[in-house]
$ cat entry-v5.csv   # CSV, C-alpha atoms
chain,number,residue,atom,x,y,z
K,1,MET,CA,3.0,8.0,18.8
K,2,GLY,CA,4.6,5.5,16.4
K,3,LEU,CA,7.6,6.3,14.2
K,4,GLY,CA,7.1,4.2,11.1
K,5,PRO,CA,7.4,6.2,7.8
K,6,ALA,CA,4.1,8.0,8.4
K,7,GLY,CA,4.8,9.0,12.0
K,8,ARG,CA,8.4,9.9,11.4
K,9,ALA,CA,7.4,12.0,8.4
K,10,LEU,CA,4.8,13.9,10.4
K,11,ALA,CA,7.3,14.5,13.2
K,12,HIS,CA,9.9,15.7,10.8
K,13,ARG,CA,7.7,18.1,8.9
K,14,ALA,CA,6.1,19.4,12.1
K,15,ALA,CA,9.6,20.1,13.5
K,16,ALA,CA,10.6,21.8,10.3
K,17,ALA,CA,7.6,24.0,10.6
K,18,GLY,CA,8.8,25.2,14.0
K,19,LEU,CA,6.7,23.0,16.3
K,20,ARG,CA,8.1,21.4,19.4
K,21,VAL,CA,7.8,17.7,18.7
K,22,VAL,CA,8.2,14.5,20.7
K,23,GLY,CA,8.2,11.2,18.9
K,24,VAL,CA,7.4,8.0,21.0
K,25,ASP,CA,8.2,4.5,19.8
K,26,PRO,CA,9.3,1.3,21.4
K,27,THR,CA,12.2,0.8,19.0
K,28,PRO,CA,12.8,4.1,17.2
K,29,ASP,CA,16.2,3.1,15.7
K,30,ARG,CA,15.1,-0.3,14.4
K,31,PRO,CA,15.5,-0.5,10.6
K,32,TRP,CA,12.3,-0.7,8.5
K,33,THR,CA,12.3,-4.1,7.0
K,34,PRO,CA,9.2,-4.1,4.7
K,35,THR,CA,9.6,-3.2,1.0
K,36,TYR,CA,8.0,0.2,0.6
K,37,ALA,CA,7.3,1.3,-3.0
K,38,ALA,CA,5.5,4.1,-4.7
K,39,TRP,CA,4.7,5.6,-8.1
K,40,VAL,CA,7.4,8.3,-8.6
K,41,ASP,CA,4.8,11.0,-9.3
K,42,GLU,CA,3.1,10.3,-5.9
K,43,LEU,CA,6.1,11.5,-3.9
K,44,PRO,CA,6.0,15.0,-2.4
K,45,SER,CA,8.3,17.7,-3.7
K,46,TRP,CA,10.2,17.9,-0.4
K,47,LEU,CA,11.7,14.5,-1.0
K,48,ASP,CA,14.4,13.9,-3.7
K,49,SER,CA,15.7,10.9,-5.5
K,50,SER,CA,18.1,10.1,-2.7
K,51,VAL,CA,15.4,8.1,-1.0
K,52,LEU,CA,14.9,5.8,-4.0
K,53,ARG,CA,16.5,2.4,-3.9
K,54,ALA,CA,15.6,1.4,-7.4
K,55,ARG,CA,13.4,2.7,-10.2
K,56,VAL,CA,11.4,1.0,-13.0
K,57,SER,CA,10.6,3.4,-15.8
K,58,ARG,CA,7.9,1.2,-17.4
K,59,PRO,CA,6.7,-1.6,-15.1
K,60,ARG,CA,4.7,-4.4,-16.7
K,61,VAL,CA,1.5,-6.1,-15.9
K,62,TRP,CA,0.1,-9.4,-17.2
K,63,THR,CA,-3.7,-9.7,-17.0
K,64,THR,CA,-5.2,-11.5,-20.0
K,65,ARG,CA,-2.2,-10.3,-21.9
K,66,GLU,CA,1.0,-8.3,-21.3
K,67,ARG,CA,1.0,-4.5,-20.9
K,68,SER,CA,3.6,-1.9,-20.1
K,69,LEU,CA,2.5,0.9,-17.9
K,70,ASP,CA,3.5,4.5,-18.8
K,71,ARG,CA,4.2,5.5,-15.3
K,72,ALA,CA,7.5,5.3,-13.4
K,73,TYR,CA,7.6,3.2,-10.2
K,74,ALA,CA,10.2,3.1,-7.5
K,75,VAL,CA,11.2,1.1,-4.4
K,76,LEU,CA,12.2,3.3,-1.5
K,77,ASP,CA,15.5,3.1,0.3
K,78,ASN,CA,14.3,2.6,3.9
K,79,SER,CA,17.6,3.6,5.5
K,80,ALA,CA,17.9,6.8,3.4
K,81,LEU,CA,14.2,7.7,4.1
K,82,HIS,CA,14.6,7.0,7.8
K,83,ALA,CA,17.7,9.3,7.9
K,84,ARG,CA,15.9,12.0,5.8
K,85,LEU,CA,13.0,12.2,8.3
K,86,GLY,CA,15.0,13.3,11.3
K,87,PHE,CA,13.9,15.5,14.2
K,88,ASP,CA,15.3,16.2,17.6
K,89,ARG,CA,13.4,14.6,20.5
K,90,VAL,CA,12.6,10.8,20.5
K,91,VAL,CA,11.4,8.9,23.5
K,92,ARG,CA,11.8,5.1,23.6
K,93,GLY,CA,8.7,3.6,25.2
K,94,VAL,CA,5.3,1.9,24.9
K,95,ALA,CA,2.1,3.7,25.5
K,96,ALA,CA,-0.1,2.4,28.3
K,97,GLU,CA,-2.7,5.2,27.9
K,98,ILE,CA,-3.2,7.8,25.2
K,99,GLY,CA,-5.4,10.9,25.6
K,100,PRO,CA,-5.9,14.1,23.6
K,101,GLY,CA,-3.2,15.9,25.6
K,102,THR,CA,-1.4,13.2,27.6
K,103,VAL,CA,0.5,10.0,26.9
K,104,THR,CA,1.3,7.7,29.8
K,105,LEU,CA,4.0,5.1,29.1
K,106,ARG,CA,4.2,1.7,30.6
K,107,ASP,CA,7.1,2.8,32.9
K,108,GLY,CA,4.9,5.6,34.3
K,109,THR,CA,6.4,8.4,32.3
K,110,GLN,CA,3.8,11.1,31.3
K,111,ILE,CA,4.2,13.2,28.2
K,112,ARG,CA,1.9,16.2,27.9
K,113,ALA,CA,1.3,18.0,24.6
K,114,ALA,CA,-1.1,20.4,22.9
K,115,ARG,CA,-1.9,17.6,20.5
K,116,VAL,CA,-1.3,13.8,20.5
K,117,ILE,CA,-1.4,12.0,17.1
K,118,ASP,CA,-1.5,8.2,16.9
K,119,SER,CA,0.6,6.9,14.0
K,120,ARG,CA,1.1,3.3,15.3
K,121,GLY,CA,-0.3,1.6,12.2
K,122,LEU,CA,-2.8,-1.2,12.1
K,123,ARG,CA,-2.7,-4.7,13.5
K,124,PRO,CA,-4.3,-7.7,11.7
K,125,ASP,CA,-7.9,-8.1,12.6
K,126,PRO,CA,-10.3,-10.8,11.4
K,127,ALA,CA,-13.0,-8.2,10.8
K,128,LEU,CA,-10.8,-6.3,8.4
K,129,ALA,CA,-9.9,-7.2,4.8
K,130,GLU,CA,-6.2,-7.8,4.5
K,131,GLN,CA,-3.3,-8.2,2.1
K,132,THR,CA,-0.9,-11.1,2.5
K,133,ALA,CA,2.3,-12.0,0.6
K,134,PHE,CA,5.3,-14.2,0.7
K,135,GLY,CA,8.5,-13.2,-1.1
K,136,ILE,CA,12.2,-14.0,-1.5
K,137,VAL,CA,15.1,-11.8,-2.3
K,138,VAL,CA,17.5,-13.3,-4.9
K,139,SER,CA,20.2,-12.1,-7.3
K,140,GLU,CA,19.3,-10.6,-10.7
K,141,GLU,CA,20.8,-13.7,-12.3
K,142,VAL,CA,18.6,-16.1,-10.4
K,143,ALA,CA,15.5,-13.9,-11.0
K,144,ALA,CA,16.1,-13.4,-14.7
K,145,PRO,CA,13.9,-16.3,-16.0
K,146,ALA,CA,11.0,-15.1,-13.9
K,147,MET,CA,11.4,-11.5,-15.1
K,148,ALA,CA,11.4,-12.5,-18.8
K,149,GLY,CA,13.2,-9.3,-19.8
K,150,ALA,CA,11.0,-7.0,-17.7
K,151,ASP,CA,12.5,-4.4,-15.5
K,152,GLY,CA,9.7,-5.1,-13.0
K,153,TRP,CA,6.3,-6.8,-12.7
K,154,PHE,CA,3.7,-4.7,-10.9
K,155,MET,CA,1.2,-7.5,-11.3
K,156,ASP,CA,1.5,-10.8,-13.1
K,157,TRP,CA,-1.8,-12.7,-12.8
K,158,ARG,CA,-0.8,-15.8,-14.9
K,159,ARG,CA,-1.9,-19.1,-13.4
K,160,ASP,CA,1.5,-20.8,-13.6
K,161,ASN,CA,1.5,-20.8,-9.8
K,162,GLY,CA,-0.3,-24.2,-9.7
K,163,THR,CA,-3.8,-22.8,-9.1
K,164,ALA,CA,-7.0,-23.6,-10.9
K,165,PRO,CA,-9.4,-20.9,-12.3
K,166,ASP,CA,-11.7,-21.2,-9.4
K,167,ASP,CA,-9.0,-21.0,-6.7
K,168,PRO,CA,-8.5,-17.6,-5.0
K,169,ALA,CA,-6.2,-15.6,-7.3
K,170,SER,CA,-2.8,-14.3,-6.4
K,171,PHE,CA,-0.2,-12.5,-8.5
K,172,LEU,CA,3.6,-12.2,-8.9
K,173,TYR,CA,5.1,-8.9,-7.8
K,174,ALA,CA,8.7,-8.7,-8.9
K,175,VAL,CA,10.8,-5.5,-8.5
K,176,PRO,CA,14.5,-4.7,-8.4
K,177,LEU,CA,15.9,-3.7,-5.1
K,178,GLY,CA,19.2,-2.3,-6.3
K,179,ALA,CA,22.7,-3.8,-5.6
K,180,ASP,CA,21.9,-6.9,-7.8
K,181,ARG,CA,18.9,-7.9,-5.7
K,182,VAL,CA,15.3,-8.6,-6.8
K,183,LEU,CA,12.2,-9.3,-4.8
K,184,LEU,CA,10.0,-12.0,-6.1
K,185,GLU,CA,6.7,-12.1,-4.2
K,186,GLU,CA,3.4,-14.0,-4.4
K,187,THR,CA,0.7,-11.6,-3.3
K,188,CYS,CA,-2.9,-12.0,-2.3
K,189,LEU,CA,-4.2,-8.5,-3.1
K,190,VAL,CA,-7.2,-8.6,-0.7
K,191,GLY,CA,-9.1,-11.2,1.3
K,192,ARG,CA,-11.1,-11.6,4.4
K,193,PRO,CA,-8.9,-13.3,5.5
K,194,GLY,CA,-6.0,-13.2,3.1
K,195,LEU,CA,-4.3,-16.4,1.8
K,196,PRO,CA,-1.9,-17.8,4.4
K,197,PRO,CA,1.8,-17.3,3.9
K,198,ASP,CA,2.5,-21.1,3.6
K,199,SER,CA,0.0,-21.3,0.6
K,200,LEU,CA,1.6,-18.3,-1.0
K,201,ARG,CA,5.1,-19.8,-0.5
K,202,THR,CA,3.9,-22.9,-2.3
K,203,ARG,CA,2.4,-20.9,-5.1
K,204,LEU,CA,5.6,-18.9,-5.5
K,205,ALA,CA,7.8,-22.0,-5.6
K,206,THR,CA,5.6,-23.5,-8.2
K,207,ARG,CA,5.5,-20.4,-10.3
K,208,LEU,CA,9.3,-19.9,-10.2
K,209,ARG,CA,9.9,-23.6,-10.9
K,210,ASN,CA,7.7,-23.4,-13.9
K,211,ARG,CA,9.8,-20.5,-15.1
K,212,GLY,CA,13.1,-22.2,-14.6
K,213,VAL,CA,13.9,-20.7,-11.2
K,214,GLU,CA,14.6,-22.9,-8.2
K,215,LEU,CA,13.7,-21.4,-4.8
K,216,PRO,CA,17.0,-20.9,-3.1
K,217,ALA,CA,17.0,-22.5,0.4
K,218,ALA,CA,18.9,-19.6,2.0
K,219,ALA,CA,17.2,-16.7,0.3
K,220,PRO,CA,16.0,-14.0,2.6
K,221,ALA,CA,12.2,-14.1,2.9
K,222,GLU,CA,9.6,-11.4,3.3
K,223,ARG,CA,6.2,-12.1,4.9
K,224,VAL,CA,3.4,-9.6,4.6
K,225,ARG,CA,0.1,-9.3,6.4
K,226,PHE,CA,-1.7,-6.1,7.1
K,227,PRO,CA,-5.2,-4.7,6.9
K,228,VAL,CA,-6.2,-2.7,3.9
K,229,GLU,CA,-9.0,-0.9,5.7
K,230,ALA,CA,-9.0,1.0,8.9
K,231,PRO,CA,-11.7,0.3,11.6
K,232,ARG,CA,-14.4,3.0,11.8
K,233,GLY,CA,-15.4,4.7,15.0
K,234,GLY,CA,-14.7,7.9,16.8
K,235,SER,CA,-11.6,8.4,18.8
K,236,ALA,CA,-10.5,11.1,21.2
K,237,VAL,CA,-7.1,11.1,19.7
K,238,ALA,CA,-6.2,12.2,16.1
K,239,ALA,CA,-4.6,9.6,13.9
K,240,PHE,CA,-2.3,9.6,10.9
K,241,GLY,CA,-1.0,7.1,8.3
K,242,ALA,CA,-2.6,3.7,7.9
K,243,ARG,CA,-4.3,4.1,11.3
K,244,ALA,CA,-6.1,7.2,10.0
K,245,GLY,CA,-7.4,5.3,6.9
K,246,LEU,CA,-4.7,6.5,4.5
K,247,ILE,CA,-4.2,3.0,3.3
K,248,HIS,CA,-5.6,2.4,-0.2
K,249,PRO,CA,-8.2,-0.4,0.2
K,250,GLY,CA,-7.6,-1.7,-3.3
K,251,THR,CA,-3.8,-1.8,-3.3
K,252,GLY,CA,-2.6,-1.8,0.3
K,253,TYR,CA,-0.4,1.2,-0.3
K,254,SER,CA,-0.2,3.9,2.4
K,255,VAL,CA,3.4,5.3,2.6
K,256,ALA,CA,3.2,7.6,-0.4
K,257,ALA,CA,-0.3,8.8,0.6
K,258,SER,CA,1.0,9.6,4.1
K,259,LEU,CA,4.0,11.5,2.8
K,260,CYS,CA,1.8,13.6,0.5
K,261,ALA,CA,-0.8,14.3,3.2
K,262,VAL,CA,1.6,15.2,6.0
K,263,ASP,CA,1.8,18.9,5.2
K,264,GLU,CA,-2.0,19.2,5.4
K,265,VAL,CA,-1.8,18.0,9.0
K,266,VAL,CA,1.2,20.1,9.8
K,267,THR,CA,-0.6,23.2,8.5
K,268,ALA,CA,-3.6,22.4,10.7
K,269,LEU,CA,-1.4,22.0,13.7
K,270,THR,CA,0.4,25.3,13.1
K,271,THR,CA,-2.9,27.2,12.7
K,272,GLY,CA,-4.7,25.5,15.6
K,273,ARG,CA,-7.2,23.6,13.4
K,274,ASP,CA,-8.4,20.1,13.9
K,275,PRO,CA,-5.9,17.8,12.0
K,276,THR,CA,-8.5,15.1,11.4
K,277,LYS,CA,-10.8,17.6,9.6
K,278,ALA,CA,-7.9,18.9,7.6
K,279,LEU,CA,-7.0,15.3,6.6
K,280,TRP,CA,-10.6,14.4,5.6
K,281,PRO,CA,-12.4,17.2,3.9
K,282,LEU,CA,-15.5,16.3,1.9
K,283,PRO,CA,-13.8,15.3,-1.4
K,284,THR,CA,-11.3,12.9,0.3
K,285,ARG,CA,-14.2,11.3,2.2
K,286,ALA,CA,-16.0,10.8,-1.1
K,287,VAL,CA,-12.9,9.3,-2.6
K,288,ARG,CA,-12.6,6.9,0.4
K,289,THR,CA,-16.2,5.8,-0.1
K,290,LEU,CA,-15.7,5.1,-3.8
K,291,ARG,CA,-12.6,3.1,-3.1
K,292,GLU,CA,-14.5,1.1,-0.4
K,293,VAL,CA,-16.9,0.2,-3.2
K,294,GLY,CA,-14.0,-1.0,-5.2
K,295,LEU,CA,-12.8,-3.1,-2.3
K,296,ARG,CA,-16.1,-4.8,-1.9
K,297,ALA,CA,-16.0,-5.6,-5.6
K,298,LEU,CA,-12.6,-7.2,-5.3
K,299,LEU,CA,-13.7,-9.3,-2.3
K,300,SER,CA,-16.7,-10.5,-4.2
K,301,LEU,CA,-15.1,-11.0,-7.6
K,302,ASP,CA,-15.2,-14.5,-9.1
K,303,PRO,CA,-11.5,-15.7,-9.1
K,304,ALA,CA,-11.9,-16.8,-12.7
K,305,CYS,CA,-12.7,-13.1,-13.6
K,306,THR,CA,-9.7,-11.5,-11.8
K,307,ALA,CA,-7.4,-11.2,-14.8
K,308,ALA,CA,-10.3,-9.8,-17.0
K,309,PHE,CA,-11.1,-7.2,-14.3
K,310,PHE,CA,-7.5,-6.0,-14.2
K,311,GLU,CA,-7.3,-6.0,-18.0
K,312,ALA,CA,-10.2,-3.6,-18.0
K,313,PHE,CA,-8.5,-1.4,-15.4
K,314,PHE,CA,-5.1,-1.3,-17.1
K,315,ALA,CA,-6.8,-0.5,-20.4
K,316,LEU,CA,-7.8,2.8,-18.9
K,317,PRO,CA,-5.8,6.0,-19.9
K,318,VAL,CA,-2.9,6.5,-17.5
K,319,ASP,CA,-4.5,9.6,-16.0
K,320,ARG,CA,-7.6,7.6,-14.9
K,321,GLN,CA,-5.4,4.8,-13.5
K,322,ARG,CA,-3.5,7.5,-11.6
K,323,ALA,CA,-6.7,9.0,-10.2
K,324,TYR,CA,-7.9,5.7,-8.9
K,325,LEU,CA,-4.5,4.5,-7.5
K,326,SER,CA,-3.2,7.7,-6.1
K,327,GLY,CA,-5.4,10.8,-6.0
K,328,ARG,CA,-7.2,11.6,-2.7
K,329,ASP,CA,-9.3,14.7,-3.7
K,330,GLN,CA,-10.8,14.0,-7.1
K,331,PRO,CA,-14.0,11.9,-6.6
K,332,ALA,CA,-15.3,12.7,-10.1
K,333,ALA,CA,-12.2,11.4,-11.7
K,334,ILE,CA,-12.3,8.2,-9.7
K,335,ALA,CA,-16.0,7.7,-10.5
K,336,ALA,CA,-15.2,8.2,-14.2
K,337,ALA,CA,-12.6,5.5,-14.0
K,338,MET,CA,-15.0,3.1,-12.2
K,339,TRP,CA,-17.7,3.8,-14.8
K,340,GLU,CA,-15.3,3.1,-17.7
K,341,ILE,CA,-14.3,-0.2,-16.1
K,342,PHE,CA,-18.0,-1.1,-15.7
K,343,ARG,CA,-18.7,-0.2,-19.3
K,344,GLN,CA,-15.8,-2.2,-20.7
K,345,ALA,CA,-16.0,-5.3,-18.4
K,346,PRO,CA,-17.7,-8.6,-19.3
K,347,PRO,CA,-21.2,-9.1,-17.9
K,348,PRO,CA,-20.2,-11.3,-14.8
K,349,ILE,CA,-17.8,-8.5,-13.7
K,350,ARG,CA,-20.5,-5.9,-14.3
K,351,ARG,CA,-22.9,-7.7,-12.0
K,352,THR,CA,-20.2,-7.9,-9.3
K,353,LEU,CA,-19.5,-4.2,-9.6
K,354,ALA,CA,-23.1,-3.2,-9.5
K,355,ALA,CA,-23.7,-5.3,-6.4
K,356,ALA,CA,-20.7,-3.8,-4.7
K,357,GLY,CA,-22.1,-0.3,-5.4
K,358,VAL,CA,-25.4,-1.0,-3.6
K,359,ARG,CA,-24.3,-3.3,-0.9
K,360,ARG,CA,-23.3,-2.0,2.5
K,361,SER,CA,-20.1,-3.3,4.1
$ encode --input "entry-v5.csv" --output "structure tokens"
Amino acid sequence: MGLGPAGRALAHRAAAAGLRVVGVDPTPDRPWTPTYAAWVDELPSWLDSSVLRARVSRPRVWTTRERSLDRAYAVLDNSALHARLGFDRVVRGVAAEIGPGTVTLRDGTQIRAARVIDSRGLRPDPALAEQTAFGIVVSEEVAAPAMAGADGWFMDWRRDNGTAPDDPASFLYAVPLGADRVLLEETCLVGRPGLPPDSLRTRLATRLRNRGVELPAAAPAERVRFPVEAPRGGSAVAAFGARAGLIHPGTGYSVAASLCAVDEVVTALTTGRDPTKALWPLPTRAVRTLREVGLRALLSLDPACTAAFFEAFFALPVDRQRAYLSGRDQPAAIAAAMWEIFRQAPPPIRRTLAAAGVRRS
């Protein structure tokens, strides 16, 4: 159920493994419009570079100073990825009821299966922390003053967006999209709730104007709002993708994690094991718990300390950054990264991190 990148990848890999698969979605042929990106080393070996729209060899960040990251980053080509994740049987419809072995659509159609997996993503929910953003797509020439010679900005926390130190922080995310296009996006990393799109639009316009870029009136816009945590609670139906909790609570990324985890679920399906247990063995549950601590810290962080916090993070060796941002099965490596940030951070940030570690959500 649900044929976004996660659901379509699961259907594709399950069909490739010899399973009979039915994918259900209200608009299965609709193009994916969000900008999906990933660290290149996150992508599974069964995908090749044909699904990449643009690549940044050394993305930059600006925390309390400028840094280059020694880790390649890429924007996915949504059309190519959609085409790559093909399988035979797709049903257009909306689920009215979903059970472990039966899906009933609104038109009364029933689909029976040995296993039903819900990959319909997550809807915004006031109880859940969320990420919000507002961006525009412009030409490379228009974007050039904002890029300042960088191939891409993963995070730019400078306060030239018209905010004061005690205002909730947001950052510029700026990446090439290929074909002479660049996405310039003002992003609220996490909030409960996140900053509203109109506020982010105003911040983006101010930031770009301060860098010599006028916001083009007719530029295509991208509005982003999604939960960065999944609701807890048992369900009779297995889930996958963001709905299963594969979204990173500290970054909002889920597509690469879903693509990498899909074969674990497919193996469980082909061997008759529980796909939820296959997706969440003990090490991955420990990783999720540690990252939830990180989310609580971000939600509690004094806005004036945001840049210093990320300076401590990006000062980590790249393998520890990778462990925290991408790995799902190395809790010791993530704990080591968190300890190093705690050790290096200024006292106000240490207090926030310590409180997050002992406070329950």
$ atom_distance --input "entry-v5.csv" --atom1 "atom CA of K:Asp198" --atom2 "atom CA of K:Ala256"
29.0 Å
$ atom_distance --input "entry-v5.csv" --atom1 "atom CA of K:Pro34" --atom2 "atom CA of K:Ala239"
21.5 Å
$ residues_around --input "entry-v5.csv" --residues "K:Val358" --least-positions-apart "5" --cutoff "12 Å" --atoms "only C-alpha atoms" --output "ChimeraX atom specification"
/K:289-290,292-294,296-297,351-353
$ closest_residue --input "entry-v5.csv" --among "K:Phe154, K:Leu128, K:Ala278, K:Trp339" --to "K:Phe226" --atoms "only C-alpha atoms"
K:Leu128
$ closest_residue --input "entry-v5.csv" --among "K:Asp29, K:Asp77, K:Asp107, K:Asp41" --to "K:Ala179" --atoms "only C-alpha atoms"
K:Asp77
$ closest_residue --input "entry-v5.csv" --among "K:Leu279, K:Ala335, K:Met155, K:Ala355" --to "K:Ser258" --atoms "all atoms listed in the file"
K:Leu279
$ atom_distance --input "entry-v5.csv" --atom1 "atom CA of K:Arg288" --atom2 "atom CA of K:Pro275"
17.3 Å
$ residues_around --input "entry-v5.csv" --residues "K:Thr27" --least-positions-apart "5" --cutoff "9 Å" --atoms "all atoms listed in the file" --output "number ranges by chain"
K: 3, 92-93
$ closest_residue --input "entry-v5.csv" --among "K:Gly357, K:Gly135, K:Pro126, K:Gly252" --to "K:Arg201" --atoms "all atoms listed in the file"
K:Gly135
$ residues_around --input "entry-v5.csv" --residues "K:Pro346" --least-positions-apart "2" --cutoff "10 Å" --atoms "all atoms listed in the file" --output "list in words"
Cys305, Ala308, Phe309, Ala312, Ile341, Phe342, Arg343, Gln344, Pro348, Ile349, Arg350 and Arg351 of chain K
$ residues_around --input "entry-v5.csv" --residues "stretch 65-76 of chain K" --least-positions-apart "3" --cutoff "7 Å" --atoms "all atoms listed in the file" --output "ChimeraX atom specification"
/K:36-40,51-62,177,318
$ closest_atom_pairs --input "entry-v5.csv" --of "stretch 82-168 of chain K" --to "stretch 240-250 of chain K" --cutoff "7 Å" --atoms "all atoms listed in the file" --output "Markdown table"
| residue | atom | partner | partner_atom | distance |
| --- | --- | --- | --- | --- |
| K:Ile117 | CA | K:Phe240 | CA | 6.7 |
| K:Asp118 | CA | K:Phe240 | CA | 6.2 |
| K:Ser119 | CA | K:Phe240 | CA | 5.0 |
| K:Arg120 | CA | K:Arg243 | CA | 6.8 |
| K:Gly121 | CA | K:Arg243 | CA | 4.8 |
| K:Leu122 | CA | K:Arg243 | CA | 5.6 |
$ closest_residue --input "entry-v5.csv" --among "K:Leu105, K:Leu295, K:Val266, K:Val22" --to "K:Met338" --atoms "all atoms listed in the file"
K:Leu295
$ residues_around --input "entry-v5.csv" --residues "K:Leu85" --least-positions-apart "6" --cutoff "10 Å" --atoms "only C-alpha atoms" --output "list of chain:residue names"
K:Leu3, K:Pro5, K:Ala6, K:Gly7, K:Arg8, K:Ala9, K:Leu10, K:Ala11, K:His12, K:Arg13, K:Leu47
$ residues_near_point --input "entry-v5.csv" --point "(-3.0, -7.6, 0.0)" --cutoff "9 Å" --atoms "all atoms listed in the file" --output "PDB file with C-alpha atoms, in the frame of the given file"
ATOM      1  CA  ALA K 129      -9.900  -7.200   4.800  1.00  0.00           C
ATOM      2  CA  GLU K 130      -6.200  -7.800   4.500  1.00  0.00           C
ATOM      3  CA  GLN K 131      -3.300  -8.200   2.100  1.00  0.00           C
ATOM      4  CA  THR K 132      -0.900 -11.100   2.500  1.00  0.00           C
ATOM      5  CA  ALA K 133       2.300 -12.000   0.600  1.00  0.00           C
ATOM      6  CA  THR K 187       0.700 -11.600  -3.300  1.00  0.00           C
ATOM      7  CA  CYS K 188      -2.900 -12.000  -2.300  1.00  0.00           C
ATOM      8  CA  LEU K 189      -4.200  -8.500  -3.100  1.00  0.00           C
ATOM      9  CA  VAL K 190      -7.200  -8.600  -0.700  1.00  0.00           C
ATOM     10  CA  GLY K 191      -9.100 -11.200   1.300  1.00  0.00           C
ATOM     11  CA  GLY K 194      -6.000 -13.200   3.100  1.00  0.00           C
ATOM     12  CA  VAL K 224       3.400  -9.600   4.600  1.00  0.00           C
ATOM     13  CA  ARG K 225       0.100  -9.300   6.400  1.00  0.00           C
ATOM     14  CA  PHE K 226      -1.700  -6.100   7.100  1.00  0.00           C
ATOM     15  CA  PRO K 227      -5.200  -4.700   6.900  1.00  0.00           C
ATOM     16  CA  VAL K 228      -6.200  -2.700   3.900  1.00  0.00           C
ATOM     17  CA  PRO K 249      -8.200  -0.400   0.200  1.00  0.00           C
ATOM     18  CA  GLY K 250      -7.600  -1.700  -3.300  1.00  0.00           C
ATOM     19  CA  THR K 251      -3.800  -1.800  -3.300  1.00  0.00           C
ATOM     20  CA  GLY K 252      -2.600  -1.800   0.300  1.00  0.00           C
TER      21      GLY K 252
END
$ closest_residue --input "entry-v5.csv" --among "K:Pro283, K:Pro26, K:Pro168, K:Pro216" --to "K:Met1" --atoms "only C-alpha atoms"
K:Pro26
$ decode --input "entry-v5.csv" --residues "stretch 248-252 of chain K" --atoms "all heavy atoms" --output "PDB file, in the first residue's frame"
ATOM      1  N   HIS K 248      14.946   9.586   9.487  1.00  0.00           N
ATOM      2  CA  HIS K 248      15.956   9.981  10.478  1.00  0.00           C
ATOM      3  C   HIS K 248      15.405  11.159  11.272  1.00  0.00           C
ATOM      4  O   HIS K 248      15.104  12.214  10.708  1.00  0.00           O
ATOM      5  CB  HIS K 248      17.247  10.383   9.764  1.00  0.00           C
ATOM      6  CG  HIS K 248      18.434  10.494  10.660  1.00  0.00           C
ATOM      7  ND1 HIS K 248      18.476  11.332  11.761  1.00  0.00           N
ATOM      8  CD2 HIS K 248      19.637   9.864  10.631  1.00  0.00           C
ATOM      9  CE1 HIS K 248      19.646  11.223  12.351  1.00  0.00           C
ATOM     10  NE2 HIS K 248      20.370  10.330  11.693  1.00  0.00           N
ATOM     11  N   PRO K 249      15.249  11.043  12.598  1.00  0.00           N
ATOM     12  CA  PRO K 249      14.615  12.110  13.372  1.00  0.00           C
ATOM     13  C   PRO K 249      15.440  13.382  13.454  1.00  0.00           C
ATOM     14  O   PRO K 249      14.907  14.429  13.814  1.00  0.00           O
ATOM     15  CB  PRO K 249      14.420  11.488  14.759  1.00  0.00           C
ATOM     16  CG  PRO K 249      15.450  10.428  14.840  1.00  0.00           C
ATOM     17  CD  PRO K 249      15.590   9.888  13.443  1.00  0.00           C
ATOM     18  N   GLY K 250      16.728  13.311  13.132  1.00  0.00           N
ATOM     19  CA  GLY K 250      17.565  14.500  13.199  1.00  0.00           C
ATOM     20  C   GLY K 250      17.809  15.172  11.865  1.00  0.00           C
ATOM     21  O   GLY K 250      18.359  16.275  11.819  1.00  0.00           O
ATOM     22  N   THR K 251      17.413  14.533  10.763  1.00  0.00           N
ATOM     23  CA  THR K 251      17.639  15.125   9.448  1.00  0.00           C
ATOM     24  C   THR K 251      16.394  15.122   8.571  1.00  0.00           C
ATOM     25  O   THR K 251      16.304  15.913   7.639  1.00  0.00           O
ATOM     26  CB  THR K 251      18.751  14.362   8.684  1.00  0.00           C
ATOM     27  OG1 THR K 251      18.288  13.038   8.364  1.00  0.00           O
ATOM     28  CG2 THR K 251      20.022  14.285   9.499  1.00  0.00           C
ATOM     29  N   GLY K 252      15.452  14.225   8.828  1.00  0.00           N
ATOM     30  CA  GLY K 252      14.280  14.106   7.981  1.00  0.00           C
ATOM     31  C   GLY K 252      14.472  13.202   6.778  1.00  0.00           C
ATOM     32  O   GLY K 252      13.550  13.005   5.998  1.00  0.00           O
TER      33      GLY K 252
END
